[in-house]
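Engineer: Following this message is one structure expressed as structure tokens.
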Amino acid sequence: MSRTGHRGYRRNRARALRNSDVCHLCGGWIDPDLKYPDPMSASADHVQPVSRGGSNTGELRAAHLRCNIRRGNRNGLPGSETPVRHGRAW
Ligand SMILES: [Zn+2]
């Protein structure tokens with residue numbers, strides 16, 4: 001098995017998305033027909049961030065683009081989702 005760095009990434013990503021059509025962050029089904037930048041489209045999420053020593057060809061899991069963004073950036077995309085109101089004063 002030879003590791004070919006970035007070249008392997010696309011294939012690995014495609015395989016990750018093909019093997020799983022369930023978002024590993026919210027558990028919801030991912031519609032494979034949706035494409036970026038649809039918030040519900042599939043995106044590959046690194047289980048182990050590359051910045052923390054994870055391999056770029058390492059394990060990837062499928063996640064909604066929305067969930068992936070929400071996890072990485074709490075603000076998300078402006079206007080992409082309606083704020084959830086909790087009937088609870090903090
Ligand atoms: Zn999700």
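Residue numbering restarts at 1 in every chain; chains get A, B, ... in the order shown in the structure tokens, and ligands count up from 1 in that same order.
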Residues of chain A that have any atom at most 9 Å from an atom of ligand 1: could you tabulate them with the shortest-distance atom pair and the distance in Å to one decimal, using only C-alpha atoms and all ligand atoms, ordered by chain and increasing number, as JSON lines?

Structural biologist:
{"residue": "A:Val22", "atom": "CA", "partner": "ligand 1", "partner_atom_place_in_ligand_line": "1 (Zn)", "distance": 7.7}
{"residue": "A:Cys23", "atom": "CA", "partner": "ligand 1", "partner_atom_place_in_ligand_line": "1 (Zn)", "distance": 4.5}
{"residue": "A:His24", "atom": "CA", "partner": "ligand 1", "partner_atom_place_in_ligand_line": "1 (Zn)", "distance": 6.7}
{"residue": "A:Leu25", "atom": "CA", "partner": "ligand 1", "partner_atom_place_in_ligand_line": "1 (Zn)", "distance": 5.2}
{"residue": "A:Cys26", "atom": "CA", "partner": "ligand 1", "partner_atom_place_in_ligand_line": "1 (Zn)", "distance": 4.1}
{"residue": "A:Gly27", "atom": "CA", "partner": "ligand 1", "partner_atom_place_in_ligand_line": "1 (Zn)", "distance": 6.0}
{"residue": "A:Gly28", "atom": "CA", "partner": "ligand 1", "partner_atom_place_in_ligand_line": "1 (Zn)", "distance": 5.4}
{"residue": "A:Trp29", "atom": "CA", "partner": "ligand 1", "partner_atom_place_in_ligand_line": "1 (Zn)", "distance": 7.5}
{"residue": "A:Ile30", "atom": "CA", "partner": "ligand 1", "partner_atom_place_in_ligand_line": "1 (Zn)", "distance": 7.5}
{"residue": "A:Met40", "atom": "CA", "partner": "ligand 1", "partner_atom_place_in_ligand_line": "1 (Zn)", "distance": 7.3}
{"residue": "A:Ala42", "atom": "CA", "partner": "ligand 1", "partner_atom_place_in_ligand_line": "1 (Zn)", "distance": 8.8}
{"residue": "A:Ala62", "atom": "CA", "partner": "ligand 1", "partner_atom_place_in_ligand_line": "1 (Zn)", "distance": 8.7}
{"residue": "A:Ala63", "atom": "CA", "partner": "ligand 1", "partner_atom_place_in_ligand_line": "1 (Zn)", "distance": 5.4}
{"residue": "A:His64", "atom": "CA", "partner": "ligand 1", "partner_atom_place_in_ligand_line": "1 (Zn)", "distance": 4.3}
{"residue": "A:Leu65", "atom": "CA", "partner": "ligand 1", "partner_atom_place_in_ligand_line": "1 (Zn)", "distance": 7.4}
{"residue": "A:Arg66", "atom": "CA", "partner": "ligand 1", "partner_atom_place_in_ligand_line": "1 (Zn)", "distance": 6.7}
{"residue": "A:Cys67", "atom": "CA", "partner": "ligand 1", "partner_atom_place_in_ligand_line": "1 (Zn)", "distance": 4.7}
{"residue": "A:Asn68", "atom": "CA", "partner": "ligand 1", "partner_atom_place_in_ligand_line": "1 (Zn)", "distance": 7.4}

Engineer: Taking only C-alpha atoms into account, which of A:Arg15, A:His46, A:Arg10, A:Lys35 comes nearest Leu60 in chain A?

Structural biologist: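 Among the listed residues, A:His46 lies closest to Leu60 in chain A.
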
Engineer: In Å, rounded to a single decimal, give me how far CA of Gly72 in chain A is from CA of Tyr9 in chain A.

Structural biologist: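 Computing it gives 19.9 Å between the two atoms.
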
Engineer: Find the distance between CA of Arg61 in chain A and CA of Leu34 in chain A and write it in Å to one decimal.

Structural biologist: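 About the pair CA of Arg61 in chain A and CA of Leu34 in chain A: they are 16.9 Å apart.
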
Engineer: Figure out the distance between CA of Arg71 in chain A and CA of Arg7 in chain A, please, to one decimal in Å.

Structural biologist: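 Value for the CA of Arg7 in chain A-CA of Arg71 in chain A distance: 26.3 Å.
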